[in-house]
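Here is coords-v1.pdb, consisting of PDB, C-alpha atoms and all ligand atoms:
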MODEL        1
ATOM      1  CA  MET A   1     -23.566 -38.384 -12.019
ATOM      2  CA  HIS A   2     -24.674 -40.349  -8.985
ATOM      3  CA  LEU A   3     -27.456 -42.918  -8.835
ATOM      4  CA  TYR A   4     -29.657 -43.427  -5.778
ATOM      5  CA  THR A   5     -31.470 -46.711  -6.107
ATOM      6  CA  TYR A   6     -32.537 -49.930  -4.483
ATOM      7  CA  SER A   7     -31.162 -52.436  -6.979
ATOM      8  CA  PRO A   8     -33.465 -55.371  -6.116
ATOM      9  CA  SER A   9     -36.624 -53.280  -6.678
ATOM     10  CA  PRO A  10     -38.285 -53.502 -10.096
ATOM     11  CA  ASN A  11     -37.726 -49.834 -10.955
ATOM     12  CA  GLY A  12     -34.171 -50.065  -9.664
ATOM     13  CA  LYS A  13     -33.779 -53.015 -12.013
ATOM     14  CA  ARG A  14     -35.153 -51.095 -14.994
ATOM     15  CA  VAL A  15     -32.351 -48.555 -14.706
ATOM     16  CA  GLY A  16     -29.875 -51.329 -13.832
ATOM     17  CA  VAL A  17     -30.758 -53.163 -17.062
ATOM     18  CA  VAL A  18     -30.381 -49.977 -19.143
ATOM     19  CA  LEU A  19     -26.965 -49.289 -17.586
ATOM     20  CA  LYS A  20     -25.820 -52.820 -18.366
ATOM     21  CA  GLU A  21     -27.185 -52.804 -21.912
ATOM     22  CA  LYS A  22     -25.229 -49.610 -22.565
ATOM     23  CA  GLY A  23     -22.136 -50.663 -20.621
ATOM     24  CA  ILE A  24     -22.281 -47.606 -18.326
ATOM     25  CA  GLU A  25     -20.959 -47.555 -14.779
ATOM     26  CA  ILE A  26     -22.167 -44.875 -12.336
ATOM     27  CA  ALA A  27     -21.316 -44.261  -8.694
ATOM     28  CA  THR A  28     -24.309 -45.622  -6.790
ATOM     29  CA  THR A  29     -25.813 -45.331  -3.329
ATOM     30  CA  GLU A  30     -28.211 -48.069  -2.278
ATOM     31  CA  VAL A  31     -31.302 -46.703  -0.521
ATOM     32  CA  ASP A  32     -32.945 -49.498   1.475
ATOM     33  CA  ILE A  33     -36.651 -48.896   0.848
ATOM     34  CA  LEU A  34     -37.633 -51.861   3.037
ATOM     35  CA  ALA A  35     -35.930 -50.127   5.967
ATOM     36  CA  GLY A  36     -37.615 -46.826   4.996
ATOM     37  CA  GLU A  37     -34.418 -45.003   4.024
ATOM     38  CA  ASN A  38     -36.411 -43.318   1.239
ATOM     39  CA  LEU A  39     -38.785 -41.735   3.776
ATOM     40  CA  THR A  40     -36.281 -39.419   5.433
ATOM     41  CA  ASP A  41     -36.324 -35.627   4.931
ATOM     42  CA  GLU A  42     -32.863 -35.916   3.402
ATOM     43  CA  TYR A  43     -34.079 -38.351   0.722
ATOM     44  CA  ARG A  44     -37.347 -36.452   0.159
ATOM     45  CA  ALA A  45     -35.236 -33.415  -0.690
ATOM     46  CA  LYS A  46     -33.872 -35.443  -3.627
ATOM     47  CA  ASN A  47     -37.285 -36.761  -4.690
ATOM     48  CA  PRO A  48     -40.489 -35.327  -3.184
ATOM     49  CA  MET A  49     -42.232 -38.583  -4.213
ATOM     50  CA  SER A  50     -39.869 -40.526  -1.887
ATOM     51  CA  ARG A  51     -39.272 -43.215  -4.485
ATOM     52  CA  VAL A  52     -36.195 -44.774  -6.078
ATOM     53  CA  PRO A  53     -34.409 -44.454  -8.447
ATOM     54  CA  VAL A  54     -33.041 -40.902  -8.677
ATOM     55  CA  LEU A  55     -30.128 -39.838 -10.872
ATOM     56  CA  GLU A  56     -28.196 -36.817  -9.613
ATOM     57  CA  LEU A  57     -26.828 -35.039 -12.675
ATOM     58  CA  ASP A  58     -23.432 -33.352 -12.774
ATOM     59  CA  ASN A  59     -25.114 -29.938 -12.371
ATOM     60  CA  GLY A  60     -26.869 -31.159  -9.206
ATOM     61  CA  PHE A  61     -30.323 -31.646 -10.784
ATOM     62  CA  MET A  62     -32.205 -34.597  -9.310
ATOM     63  CA  LEU A  63     -33.782 -36.601 -12.141
ATOM     64  CA  ALA A  64     -36.375 -39.117 -10.935
ATOM     65  CA  GLU A  65     -38.600 -41.615 -12.810
ATOM     66  CA  SER A  66     -36.891 -44.635 -14.266
ATOM     67  CA  ILE A  67     -37.989 -43.924 -17.841
ATOM     68  CA  ALA A  68     -36.836 -40.291 -17.638
ATOM     69  CA  ILE A  69     -33.486 -41.509 -16.275
ATOM     70  CA  SER A  70     -33.261 -44.109 -19.037
ATOM     71  CA  ARG A  71     -33.972 -41.473 -21.706
ATOM     72  CA  TYR A  72     -31.229 -39.287 -20.251
ATOM     73  CA  LEU A  73     -28.781 -42.215 -20.336
ATOM     74  CA  GLU A  74     -29.780 -42.914 -23.945
ATOM     75  CA  GLY A  75     -28.976 -39.282 -24.785
ATOM     76  CA  LEU A  76     -25.498 -39.699 -23.356
ATOM     77  CA  HIS A  77     -24.952 -43.211 -24.741
ATOM     78  CA  PRO A  78     -27.198 -43.698 -27.787
ATOM     79  CA  GLU A  79     -26.247 -47.331 -28.484
ATOM     80  CA  PRO A  80     -27.893 -49.770 -28.258
ATOM     81  CA  ARG A  81     -30.972 -47.704 -29.063
ATOM     82  CA  LEU A  82     -33.668 -48.638 -26.567
ATOM     83  CA  PHE A  83     -36.093 -45.804 -27.380
ATOM     84  CA  GLY A  84     -36.096 -46.242 -31.153
ATOM     85  CA  ALA A  85     -34.584 -44.364 -34.089
ATOM     86  CA  GLY A  86     -37.242 -42.363 -36.007
ATOM     87  CA  PHE A  87     -40.487 -40.894 -34.696
ATOM     88  CA  GLU A  88     -42.569 -43.834 -35.930
ATOM     89  CA  GLU A  89     -40.481 -46.449 -34.152
ATOM     90  CA  GLN A  90     -40.302 -44.224 -31.076
ATOM     91  CA  ALA A  91     -44.095 -43.924 -30.991
ATOM     92  CA  VAL A  92     -44.604 -47.699 -31.202
ATOM     93  CA  ILE A  93     -42.042 -48.320 -28.456
ATOM     94  CA  GLU A  94     -43.710 -45.691 -26.276
ATOM     95  CA  MET A  95     -47.089 -47.358 -26.798
ATOM     96  CA  TRP A  96     -45.788 -50.758 -25.667
ATOM     97  CA  ASN A  97     -43.806 -49.343 -22.791
ATOM     98  CA  ARG A  98     -46.910 -47.614 -21.451
ATOM     99  CA  ARG A  99     -48.991 -50.770 -21.860
ATOM    100  CA  ALA A 100     -46.339 -52.830 -20.063
ATOM    101  CA  GLU A 101     -46.096 -50.290 -17.262
ATOM    102  CA  ILE A 102     -49.710 -49.241 -16.793
ATOM    103  CA  ASN A 103     -51.545 -52.478 -17.536
ATOM    104  CA  PHE A 104     -49.138 -55.046 -16.131
ATOM    105  CA  PHE A 105     -46.347 -53.600 -13.985
ATOM    106  CA  LEU A 106     -48.444 -51.226 -11.847
ATOM    107  CA  ASN A 107     -51.097 -53.878 -11.253
ATOM    108  CA  ALA A 108     -48.487 -56.518 -10.326
ATOM    109  CA  ALA A 109     -46.954 -54.011  -7.890
ATOM    110  CA  ALA A 110     -50.353 -53.160  -6.375
ATOM    111  CA  ALA A 111     -51.168 -56.874  -6.041
ATOM    112  CA  PHE A 112     -47.988 -57.390  -4.021
ATOM    113  CA  ARG A 113     -48.248 -54.243  -1.917
ATOM    114  CA  HIS A 114     -51.918 -54.718  -1.023
ATOM    115  CA  SER A 115     -51.925 -58.487  -0.508
ATOM    116  CA  THR A 116     -48.834 -58.416   1.748
ATOM    117  CA  GLY A 117     -49.155 -55.001   3.423
ATOM    118  CA  ILE A 118     -45.372 -54.755   3.083
ATOM    119  CA  PHE A 119     -45.515 -50.943   3.095
ATOM    120  CA  GLN A 120     -48.256 -50.507   5.691
ATOM    121  CA  ASP A 121     -45.899 -48.148   7.539
ATOM    122  CA  ARG A 122     -46.360 -45.659   4.673
ATOM    123  CA  GLU A 123     -49.650 -46.388   2.849
ATOM    124  CA  SER A 124     -53.185 -47.635   3.410
ATOM    125  CA  VAL A 125     -53.522 -51.310   2.571
ATOM    126  CA  CYS A 126     -56.578 -52.835   0.878
ATOM    127  CA  PRO A 127     -56.271 -56.633   0.390
ATOM    128  CA  GLU A 128     -59.377 -56.678  -1.834
ATOM    129  CA  TRP A 129     -57.668 -54.177  -4.163
ATOM    130  CA  GLY A 130     -54.663 -56.543  -4.162
ATOM    131  CA  GLU A 131     -56.871 -59.328  -5.544
ATOM    132  CA  ILE A 132     -58.444 -57.093  -8.180
ATOM    133  CA  ALA A 133     -55.021 -55.787  -9.252
ATOM    134  CA  ALA A 134     -53.709 -59.360  -9.610
ATOM    135  CA  GLU A 135     -56.669 -60.158 -11.865
ATOM    136  CA  LEU A 136     -56.042 -57.025 -13.955
ATOM    137  CA  ALA A 137     -52.381 -58.025 -14.316
ATOM    138  CA  ARG A 138     -53.405 -61.521 -15.479
ATOM    139  CA  THR A 139     -55.809 -60.041 -18.031
ATOM    140  CA  ALA A 140     -53.032 -57.773 -19.351
ATOM    141  CA  ALA A 141     -50.708 -60.790 -19.544
ATOM    142  CA  GLU A 142     -53.223 -62.500 -21.858
ATOM    143  CA  ALA A 143     -53.089 -59.515 -24.232
ATOM    144  CA  PHE A 144     -49.277 -59.700 -24.297
ATOM    145  CA  GLU A 145     -49.530 -63.463 -24.823
ATOM    146  CA  ALA A 146     -51.569 -62.933 -28.010
ATOM    147  CA  HIS A 147     -49.244 -60.190 -29.296
ATOM    148  CA  LEU A 148     -46.123 -62.296 -28.681
ATOM    149  CA  ALA A 149     -47.453 -65.125 -30.843
ATOM    150  CA  GLU A 150     -46.449 -62.924 -33.805
ATOM    151  CA  ASN A 151     -43.637 -60.798 -32.399
ATOM    152  CA  GLU A 152     -40.188 -61.531 -31.011
ATOM    153  CA  PHE A 153     -40.196 -58.431 -28.787
ATOM    154  CA  LEU A 154     -42.987 -56.031 -27.817
ATOM    155  CA  ALA A 155     -42.239 -53.428 -30.480
ATOM    156  CA  GLY A 156     -41.346 -55.960 -33.195
ATOM    157  CA  ASP A 157     -37.990 -57.580 -33.838
ATOM    158  CA  ARG A 158     -35.810 -55.234 -31.764
ATOM    159  CA  PHE A 159     -35.303 -55.262 -27.986
ATOM    160  CA  SER A 160     -36.442 -51.898 -26.558
ATOM    161  CA  ILE A 161     -37.210 -50.059 -23.339
ATOM    162  CA  ALA A 162     -40.697 -51.633 -23.479
ATOM    163  CA  ASP A 163     -39.027 -55.037 -23.027
ATOM    164  CA  VAL A 164     -36.952 -53.673 -20.158
ATOM    165  CA  THR A 165     -40.211 -52.688 -18.452
ATOM    166  CA  LEU A 166     -42.064 -55.917 -19.166
ATOM    167  CA  GLY A 167     -39.004 -58.097 -18.404
ATOM    168  CA  CYS A 168     -38.501 -56.430 -15.009
ATOM    169  CA  ALA A 169     -42.221 -56.612 -14.273
ATOM    170  CA  LEU A 170     -42.380 -60.316 -15.196
ATOM    171  CA  THR A 171     -39.360 -60.997 -12.970
ATOM    172  CA  PHE A 172     -41.075 -59.143 -10.122
ATOM    173  CA  ALA A 173     -44.387 -60.959 -10.695
ATOM    174  CA  ARG A 174     -42.665 -64.326 -10.748
ATOM    175  CA  ASN A 175     -40.693 -63.531  -7.584
ATOM    176  CA  THR A 176     -43.827 -62.397  -5.741
ATOM    177  CA  GLY A 177     -45.990 -65.383  -6.710
ATOM    178  CA  LEU A 178     -48.097 -63.818  -9.480
ATOM    179  CA  ASP A 179     -47.878 -66.612 -11.993
ATOM    180  CA  VAL A 180     -48.450 -65.507 -15.582
ATOM    181  CA  LEU A 181     -45.690 -67.594 -17.145
ATOM    182  CA  ASP A 182     -48.140 -70.419 -17.758
ATOM    183  CA  ASN A 183     -48.790 -68.408 -20.961
ATOM    184  CA  PRO A 184     -46.401 -70.203 -23.367
ATOM    185  CA  ASN A 185     -45.584 -67.244 -25.665
ATOM    186  CA  LEU A 186     -44.959 -65.049 -22.657
ATOM    187  CA  ALA A 187     -42.705 -67.709 -21.102
ATOM    188  CA  ALA A 188     -40.657 -68.028 -24.323
ATOM    189  CA  TYR A 189     -40.452 -64.221 -24.553
ATOM    190  CA  PHE A 190     -39.325 -64.032 -20.907
ATOM    191  CA  ALA A 191     -36.473 -66.453 -21.703
ATOM    192  CA  ARG A 192     -35.462 -64.311 -24.723
ATOM    193  CA  VAL A 193     -35.467 -61.120 -22.681
ATOM    194  CA  ARG A 194     -33.527 -62.676 -19.831
ATOM    195  CA  ALA A 195     -30.838 -63.822 -22.287
ATOM    196  CA  ARG A 196     -30.028 -60.123 -22.894
ATOM    197  CA  PRO A 197     -26.808 -58.725 -21.376
ATOM    198  CA  GLY A 198     -28.862 -56.289 -19.279
ATOM    199  CA  PHE A 199     -30.614 -59.163 -17.531
ATOM    200  CA  ALA A 200     -27.446 -61.059 -16.613
ATOM    201  CA  LYS A 201     -27.541 -62.751 -13.216
ATOM    202  CA  ASP A 202     -27.280 -59.808 -10.820
ATOM    203  CA  ALA A 203     -30.026 -57.816 -12.575
ATOM    204  CA  SER A 204     -32.547 -60.547 -11.831
TER     205      SER A 204
HETATM  206  N1  LIG A 301     -42.736 -44.178 -11.544
HETATM  207  C1  LIG A 301     -41.557 -44.358 -10.714
HETATM  208  C2  LIG A 301     -41.894 -45.390  -9.638
HETATM  209  C3  LIG A 301     -40.796 -45.543  -8.615
HETATM  210  C4  LIG A 301     -41.174 -46.538  -7.531
HETATM  211  O1  LIG A 301     -42.365 -46.832  -7.291
HETATM  212  N2  LIG A 301     -40.141 -47.072  -6.878
HETATM  213  C5  LIG A 301     -40.371 -48.030  -5.819
HETATM  214  C6  LIG A 301     -39.377 -49.207  -5.956
HETATM  215  S1  LIG A 301     -39.784 -50.161  -7.382
HETATM  216  C7  LIG A 301     -40.114 -47.370  -4.467
HETATM  217  O2  LIG A 301     -39.295 -46.488  -4.362
HETATM  218  N3  LIG A 301     -40.842 -47.820  -3.434
HETATM  219  C8  LIG A 301     -40.647 -47.334  -2.107
HETATM  220  C9  LIG A 301     -41.914 -46.967  -1.437
HETATM  221  O3  LIG A 301     -42.993 -47.177  -2.000
HETATM  222  O4  LIG A 301     -41.828 -46.457  -0.302
HETATM  223  C10 LIG A 301     -40.372 -44.791 -11.584
HETATM  224  O5  LIG A 301     -40.604 -45.252 -12.689
HETATM  225  O6  LIG A 301     -39.223 -44.636 -11.181
ENDMDL
END

Could you write out this file's structure as structure tokens?
Amino acid sequence: MHLYTYSPSPNGKRVGVVLKEKGIEIATTEVDILAGENLTDEYRAKNPMSRVPVLELDNGFMLAESIAISRYLEGLHPEPRLFGAGFEEQAVIEMWNRRAEINFFLNAAAAFRHSTGIFQDRESVCPEWGEIAAELARTAAEAFEAHLAENEFLAGDRFSIADVTLGCALTFARNTGLDVLDNPNLAAYFARVRARPGFAKDAS
């Protein structure tokens, strides 16, 4: 297997956290998305969406999407179980992962991309959309804040892939100036998540 990623990016981090949690090491090529290395024909042949990360499997198949990659890694290395054990637990984890990704992570990313224009070489930029997305991310953070008053992790008392997503998204939001850690339950949760082996220093 070979991983193509940009480790500092939030989706690069999601896979990085999963690898660390499971104690897996994979040969890795860093693709500098800031320098546009993901926009070349050579990279697009690996992923037509031109995004990182991509996991090249031993049979040559190019597996993109950080959650798909994480599921594949869980298949190879089941412990610790990040996607849940039975169908009921798996369904609850899936629900929280999608909420973390769709309601918070994607809005935090849009807020950054559209308020800074960092990728104006490859996409249209709409600063007003950046402001709206930041507001949507803050609203989502309030829903997580209420849920975390009663729960240690998103899907209950066990760390899961949903926490990998929200932990990486909160790190990204904090690093890009979207402050939602004034929510006390969310701040305490963030500290718990970042104490995990997967979030050790170089994954942050
Ligand atoms: N849904 C994809 C999203 C991948 C994605 O958006 N990756 C970002 C880095 S976090 C990227 O490659 N950005 C480069 C660009 O937009 O040109 C996943 O989960 O892997």

_Please compute the CA of His147 in chain A-CA of Asp182 in chain A distance, one decimal, in Å._
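Interatomic distance here is 15.5 Å.
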
*List the neighbours of range 107-122 of chain A out to 10 Å using all atoms listed in the file; skip same-chain residues closer than 5 positions along the sequence, and give me the result as a ChimeraX atom specification.*
/A:10,33-34,36,39,101-102,127-138,140,169-170,172-174,176-178

*Asn185 in chain A: which residues within 8 Å, counting only C-alpha atoms, same-chain residues fewer than 5 positions away excluded, as a ChimeraX atom specification?*
/A:145-146,148-149

Give me the chain A side of the contact with ligand LIG 301 (chain A), cut-off 6 Å, one line per residue showing its nearest atom pair and distance in Å at one decimal, counting all atoms listed in the file, sorted by chain and residue number, as JSON lines.
{"residue": "A:Ser9", "atom": "CA", "partner": "A:LIG301", "partner_atom": "S1", "distance": 4.5}
{"residue": "A:Pro10", "atom": "CA", "partner": "A:LIG301", "partner_atom": "S1", "distance": 4.6}
{"residue": "A:Asn11", "atom": "CA", "partner": "A:LIG301", "partner_atom": "S1", "distance": 4.1}
{"residue": "A:Ile33", "atom": "CA", "partner": "A:LIG301", "partner_atom": "C8", "distance": 5.2}
{"residue": "A:Arg51", "atom": "CA", "partner": "A:LIG301", "partner_atom": "O2", "distance": 3.3}
{"residue": "A:Val52", "atom": "CA", "partner": "A:LIG301", "partner_atom": "O2", "distance": 3.9}
{"residue": "A:Pro53", "atom": "CA", "partner": "A:LIG301", "partner_atom": "O6", "distance": 5.5}
{"residue": "A:Glu65", "atom": "CA", "partner": "A:LIG301", "partner_atom": "O6", "distance": 3.5}
{"residue": "A:Ser66", "atom": "CA", "partner": "A:LIG301", "partner_atom": "O6", "distance": 3.9}
{"residue": "A:Ile67", "atom": "CA", "partner": "A:LIG301", "partner_atom": "O5", "distance": 5.9}

*Find the distance between CA of Leu3 in chain A and CA of Val54 in chain A and write it in Å to one decimal.*
5.9 Å

*Could you state which residues are captured by the PyMOL selection byres (((chain A and resi 150-154) around 9) and not hetatm) in this file, as a PyMOL selection string?*
chain A and resi 93+96-97+144+146-149+155-160+162-163+166+189+192-193

_Neighbouring residues of Ser50 in chain A were defined as those with any atom within 8 Å, considering all atoms listed in the file; residues of the same chain fewer than 6 positions away were excluded. Please report them as a PyMOL selection string._
chain A and resi 38-39+43-44

*Apply the PyMOL selection byres (((chain A and resi 31) around 7) and not hetatm) to the file shown and report the selected residues as a VMD selection string.*
chain A and resid 4 to 6 29 to 30 32 to 33 37 to 38

Could you write out that same residue set with C-alpha atoms as a PDB file, in the coordinates of the input?
ATOM      1  CA  TYR A   4     -29.657 -43.427  -5.778  1.00  0.00           C
ATOM      2  CA  THR A   5     -31.470 -46.711  -6.107  1.00  0.00           C
ATOM      3  CA  TYR A   6     -32.537 -49.930  -4.483  1.00  0.00           C
ATOM      4  CA  THR A  29     -25.813 -45.331  -3.329  1.00  0.00           C
ATOM      5  CA  GLU A  30     -28.211 -48.069  -2.278  1.00  0.00           C
ATOM      6  CA  ASP A  32     -32.945 -49.498   1.475  1.00  0.00           C
ATOM      7  CA  ILE A  33     -36.651 -48.896   0.848  1.00  0.00           C
ATOM      8  CA  GLU A  37     -34.418 -45.003   4.024  1.00  0.00           C
ATOM      9  CA  ASN A  38     -36.411 -43.318   1.239  1.00  0.00           C
TER      10      ASN A  38
END

*Can you tell me how far CA of Arg196 in chain A sits from CA of Val18 in chain A, in Å to one decimal?*
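Interatomic distance here is 10.8 Å.
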
*Which residues match the PyMOL selection byres (((chain A and resi 16) around 12) and not hetatm) in the file above, as a VMD selection string?*
chain A and resid 3 to 15 17 to 26 28 52 to 53 55 66 to 67 69 to 70 73 164 to 165 168 197 to 204

Around range 190-204 of chain A, with edges along x, y and z and 3 Å added on all six sides, what centre and edge lengths do you get, in Å to one decimal, as AutoDock Vina command-line options?
--center_x -33.1 --center_y -61.4 --center_z -17.8 --size_x 18.5 --size_y 16.2 --size_z 19.9

*Select, from A:Ala91, A:Ala45, A:Leu82, A:Leu186, the residue with the minimum atom-to-atom distance to Met62 in chain A, counting all atoms listed in the file.*
A:Ala45

*Using all atoms listed in the file, which residue out of A:Gly84, A:Met1, A:Thr40, A:Arg194 lies closest to Phe61 in chain A?*
A:Met1

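Distances from A:Asn47, A:Gln90, A:Asn175, A:Asn103 to Thr139 in chain A were compared using all atoms listed in the file, and the smallest one belongs to A:Asn103.
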